[in-house]
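Report on one structure; see the data block that follows.
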Amino acid sequence: VEIADDNNERSKGLMFREKLDENSGMLFVFESEEYQKFWMKNTLIPLDIIFADSSGKVLNIEKAVPCKADPCTIYRSKSPAKYVLEVNIGFARKNHVETSNILILEKVQN
């Protein structure tokens with residue numbers, strides 16, 4: 001996955017992309033655990049938005065569709081989250097990702 005760990009990268013996210021390869025995504029890393037809000041303005045790809053706390057525990061998974069007109073739906077974490085993983089819609093179901101699962105975050109060297 002790509003990492004979005006500063007304000008500029010987090011604000012751009014996956015906007016304007018026309019496709020996302022299978023088993024790819026974007027991990028948003030925040031400085032602290034807080035309630036997180038995402039929207040799909042200018043996002044062209046339907047996504048699963050997976051919210052996780054600082055331990056990696058999945059808090060909730062939202063199925064998000066592109067926003068075609070204002071106002072856009074806001075997708076929120078159900079509890080304070082430190083990580084948000086955006087992947088192609090259906091990824092969570094296909095890979096049996098459920099609330100209370102733990103995301104294991106490993107940095108892979110290129």
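To be explicit about the labels: the chains of the structure tokens are called A, B, and onward in the order shown, and within each one the residues are counted from 1, while ligands get numbers from 1 in the order they are shown.
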
Using only C-alpha atoms, determine which residues lie at most 7 Å from region 84-101 of chain A, disregarding the query and same-chain residues fewer than 2 positions distant; provide the list as a list in words. Leu20, Ser24, Gly25, Met26, Leu27, Phe28, Val29, Pro46, Leu47, Asp48, Ile49, Ile50, Phe51, Ala52, Lys57, Val58, Leu59, Asn60, Lys63, Lys82 and Leu103 of chain A

Dump N, CA and C atoms for the selected residues as a tab-separated table (two decimals), in the first residue's frame?
chain	number	residue	atom	x	y	z
A	20	LEU	N	-7.45	1.26	-9.10
A	20	LEU	CA	-6.57	0.85	-8.02
A	20	LEU	C	-6.32	-0.63	-8.23
A	24	SER	N	-4.08	-3.57	-3.62
A	24	SER	CA	-3.36	-2.31	-3.38
A	24	SER	C	-4.27	-1.40	-2.58
A	25	GLY	N	-3.70	-0.33	-2.09
A	25	GLY	CA	-4.51	0.62	-1.35
A	25	GLY	C	-3.66	1.76	-0.84
A	26	MET	N	-4.27	2.53	0.07
A	26	MET	CA	-3.57	3.65	0.69
A	26	MET	C	-3.83	3.59	2.18
A	27	LEU	N	-2.75	3.67	2.95
A	27	LEU	CA	-2.84	3.68	4.40
A	27	LEU	C	-2.61	5.11	4.88
A	28	PHE	N	-3.60	5.64	5.56
A	28	PHE	CA	-3.52	6.98	6.15
A	28	PHE	C	-3.07	6.81	7.59
A	29	VAL	N	-1.99	7.48	7.94
A	29	VAL	CA	-1.42	7.40	9.28
A	29	VAL	C	-1.55	8.78	9.92
A	46	PRO	N	-14.85	3.13	-6.13
A	46	PRO	CA	-15.57	2.69	-4.92
A	46	PRO	C	-14.58	1.98	-3.98
A	47	LEU	N	-14.67	2.27	-2.69
A	47	LEU	CA	-13.67	1.81	-1.73
A	47	LEU	C	-14.28	1.18	-0.49
A	48	ASP	N	-13.54	0.27	0.12
A	48	ASP	CA	-13.75	-0.10	1.51
A	48	ASP	C	-12.84	0.82	2.31
A	49	ILE	N	-13.39	1.47	3.31
A	49	ILE	CA	-12.60	2.31	4.21
A	49	ILE	C	-12.55	1.59	5.55
A	50	ILE	N	-11.35	1.17	5.93
A	50	ILE	CA	-11.16	0.37	7.13
A	50	ILE	C	-10.50	1.26	8.19
A	51	PHE	N	-11.22	1.51	9.27
A	51	PHE	CA	-10.73	2.35	10.36
A	51	PHE	C	-10.13	1.45	11.44
A	52	ALA	N	-8.94	1.80	11.94
A	52	ALA	CA	-8.27	0.99	12.97
A	52	ALA	C	-7.64	1.89	14.04
A	57	LYS	N	-6.38	-2.63	15.73
A	57	LYS	CA	-7.70	-3.27	15.80
A	57	LYS	C	-8.69	-2.55	14.88
A	58	VAL	N	-9.34	-3.34	14.01
A	58	VAL	CA	-10.33	-2.78	13.09
A	58	VAL	C	-11.56	-2.34	13.89
A	59	LEU	N	-11.90	-1.07	13.76
A	59	LEU	CA	-13.03	-0.49	14.47
A	59	LEU	C	-14.32	-0.61	13.67
A	60	ASN	N	-14.24	-0.26	12.40
A	60	ASN	CA	-15.39	-0.38	11.51
A	60	ASN	C	-14.91	-0.31	10.07
A	63	LYS	N	-18.36	0.95	3.35
A	63	LYS	CA	-18.36	0.82	1.89
A	63	LYS	C	-18.67	2.20	1.33
A	82	LYS	N	-6.30	5.71	14.55
A	82	LYS	CA	-4.97	6.22	14.17
A	82	LYS	C	-4.66	5.88	12.72
A	103	LEU	N	-4.94	-5.34	12.16
A	103	LEU	CA	-4.10	-5.06	11.00
A	103	LEU	C	-2.65	-5.16	11.45

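Distance annotation: of A:Asn7, A:Val1, A:Trp39, A:Arg17, the residue with the minimal separation from Pro71 (chain A) is A:Trp39; atom set is only C-alpha atoms.
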
Enumerate as number ranges by chain all residues of chain A assigned to helix (DSSP H, G or I) by DSSP on the backbone, naming them with the chain letters and numbers the document uses. A: 7-12, 91-94

Atoms kept (all heavy atoms) for selection, written as an mmCIF file, in the first residue's frame:
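The resulting file, part-v8.cif, is reproduced below:
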data_model
loop_
_atom_site.group_PDB
_atom_site.id
_atom_site.type_symbol
_atom_site.label_atom_id
_atom_site.label_comp_id
_atom_site.auth_asym_id
_atom_site.auth_seq_id
_atom_site.Cartn_x
_atom_site.Cartn_y
_atom_site.Cartn_z
ATOM 1 N N ASN A 7 -0.182 15.909 6.107
ATOM 2 C CA ASN A 7 -1.454 16.565 5.767
ATOM 3 C C ASN A 7 -1.688 16.652 4.265
ATOM 4 O O ASN A 7 -2.799 16.444 3.796
ATOM 5 C CB ASN A 7 -1.530 17.957 6.399
ATOM 6 C CG ASN A 7 -1.790 17.889 7.878
ATOM 7 O OD1 ASN A 7 -2.337 16.902 8.381
ATOM 8 N ND2 ASN A 7 -1.388 18.918 8.597
ATOM 9 N N ASN A 8 -0.655 16.962 3.493
ATOM 10 C CA ASN A 8 -0.793 17.089 2.046
ATOM 11 C C ASN A 8 -1.199 15.750 1.421
ATOM 12 O O ASN A 8 -2.137 15.686 0.623
ATOM 13 C CB ASN A 8 0.502 17.617 1.429
ATOM 14 C CG ASN A 8 0.358 17.892 -0.045
ATOM 15 O OD1 ASN A 8 -0.630 18.481 -0.481
ATOM 16 N ND2 ASN A 8 1.335 17.469 -0.821
ATOM 17 N N GLU A 9 -0.495 14.684 1.780
ATOM 18 C CA GLU A 9 -0.808 13.363 1.229
ATOM 19 C C GLU A 9 -2.183 12.889 1.680
ATOM 20 O O GLU A 9 -2.941 12.299 0.909
ATOM 21 C CB GLU A 9 0.254 12.342 1.663
ATOM 22 C CG GLU A 9 1.603 12.586 1.035
ATOM 23 C CD GLU A 9 2.699 11.738 1.658
ATOM 24 O OE1 GLU A 9 2.549 11.269 2.814
ATOM 25 O OE2 GLU A 9 3.728 11.557 0.987
ATOM 26 N N ARG A 10 -2.517 13.136 2.957
ATOM 27 C CA ARG A 10 -3.826 12.704 3.469
ATOM 28 C C ARG A 10 -4.960 13.458 2.791
ATOM 29 O O ARG A 10 -5.998 12.875 2.501
ATOM 30 C CB ARG A 10 -3.892 12.868 4.986
ATOM 31 C CG ARG A 10 -3.070 11.831 5.730
ATOM 32 C CD ARG A 10 -3.343 11.875 7.224
ATOM 33 N NE ARG A 10 -2.912 13.109 7.835
ATOM 34 C CZ ARG A 10 -1.783 13.272 8.515
ATOM 35 N NH1 ARG A 10 -0.955 12.259 8.677
ATOM 36 N NH2 ARG A 10 -1.487 14.441 9.055
ATOM 37 N N SER A 11 -4.775 14.749 2.524
ATOM 38 C CA SER A 11 -5.867 15.510 1.905
ATOM 39 C C SER A 11 -6.090 15.103 0.452
ATOM 40 O O SER A 11 -7.212 15.123 -0.040
ATOM 41 C CB SER A 11 -5.634 17.012 2.023
ATOM 42 O OG SER A 11 -4.506 17.398 1.277
ATOM 43 N N LYS A 12 -5.054 14.698 -0.254
ATOM 44 C CA LYS A 12 -5.191 14.254 -1.647
ATOM 45 C C LYS A 12 -5.694 12.817 -1.724
ATOM 46 O O LYS A 12 -6.567 12.496 -2.525
ATOM 47 C CB LYS A 12 -3.854 14.383 -2.377
ATOM 48 C CG LYS A 12 -3.965 14.024 -3.836
ATOM 49 C CD LYS A 12 -2.646 14.211 -4.553
ATOM 50 C CE LYS A 12 -2.791 13.773 -6.003
ATOM 51 N NZ LYS A 12 -1.529 13.675 -6.695
ATOM 52 N N PHE A 91 -12.871 -5.741 -0.976
ATOM 53 C CA PHE A 91 -11.637 -6.326 -0.456
ATOM 54 C C PHE A 91 -11.854 -6.920 0.932
ATOM 55 O O PHE A 91 -11.402 -8.036 1.216
ATOM 56 C CB PHE A 91 -10.522 -5.276 -0.407
ATOM 57 C CG PHE A 91 -9.241 -5.770 0.204
ATOM 58 C CD1 PHE A 91 -8.254 -6.320 -0.597
ATOM 59 C CD2 PHE A 91 -9.010 -5.687 1.575
ATOM 60 C CE1 PHE A 91 -7.063 -6.793 -0.038
ATOM 61 C CE2 PHE A 91 -7.833 -6.153 2.138
ATOM 62 C CZ PHE A 91 -6.858 -6.714 1.325
ATOM 63 N N ALA A 92 -12.525 -6.179 1.810
ATOM 64 C CA ALA A 92 -12.727 -6.651 3.183
ATOM 65 C C ALA A 92 -13.525 -7.955 3.196
ATOM 66 O O ALA A 92 -13.152 -8.907 3.872
ATOM 67 C CB ALA A 92 -13.418 -5.575 4.017
ATOM 68 N N ARG A 93 -14.599 -8.011 2.443
ATOM 69 C CA ARG A 93 -15.414 -9.229 2.385
ATOM 70 C C ARG A 93 -14.607 -10.390 1.814
ATOM 71 O O ARG A 93 -14.555 -11.473 2.395
ATOM 72 C CB ARG A 93 -16.668 -8.988 1.544
ATOM 73 C CG ARG A 93 -17.565 -10.221 1.411
ATOM 74 C CD ARG A 93 -18.671 -10.023 0.385
ATOM 75 N NE ARG A 93 -18.255 -9.422 -0.873
ATOM 76 C CZ ARG A 93 -17.578 -10.055 -1.840
ATOM 77 N NH1 ARG A 93 -17.222 -11.306 -1.699
ATOM 78 N NH2 ARG A 93 -17.244 -9.425 -2.953
ATOM 79 N N LYS A 94 -13.941 -10.148 0.696
ATOM 80 C CA LYS A 94 -13.179 -11.188 0.012
ATOM 81 C C LYS A 94 -12.057 -11.758 0.890
ATOM 82 O O LYS A 94 -11.749 -12.942 0.830
ATOM 83 C CB LYS A 94 -12.585 -10.617 -1.282
ATOM 84 C CG LYS A 94 -11.762 -11.586 -2.088
ATOM 85 C CD LYS A 94 -11.244 -10.909 -3.355
ATOM 86 C CE LYS A 94 -10.306 -11.799 -4.119
ATOM 87 N NZ LYS A 94 -9.723 -11.132 -5.285
#

Pick out the residues sitting within 12 Å of Ala69 (chain A), and hand them over as a list in words; count only C-alpha atoms, and ignore anything fewer than 6 positions along from it in its own chain.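 Contacts, in chain order: Trp39, Met40, Lys41, Asn42 and Thr43 of chain A.
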
Could you please take those selected residues and save N, CA and C atoms as a compact mmCIF listing (two decimals), in the first residue's frame?
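Output below, filename part11.txt:
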# COMPACT_ATOMS: atom_id res chain seq x y z
N TRP A 39 -14.46 11.54 3.06
CA TRP A 39 -15.50 11.68 2.06
C TRP A 39 -14.94 11.28 0.72
N MET A 40 -15.80 11.18 -0.27
CA MET A 40 -15.40 10.64 -1.57
C MET A 40 -15.43 11.69 -2.68
N LYS A 41 -15.38 12.97 -2.30
CA LYS A 41 -15.37 14.01 -3.32
C LYS A 41 -14.12 13.85 -4.20
N ASN A 42 -14.32 13.86 -5.50
CA ASN A 42 -13.25 13.70 -6.50
C ASN A 42 -12.57 12.34 -6.45
N THR A 43 -13.19 11.39 -5.77
CA THR A 43 -12.67 10.02 -5.74
C THR A 43 -13.52 9.19 -6.69

Would you mind telling me which residue in A:Asp5, A:Glu18, A:Glu106, A:Glu62 lies nearest to Tyr83 (chain A) when using only C-alpha atoms?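 Distance minimum relative to Tyr83 (chain A) lands on A:Asp5.
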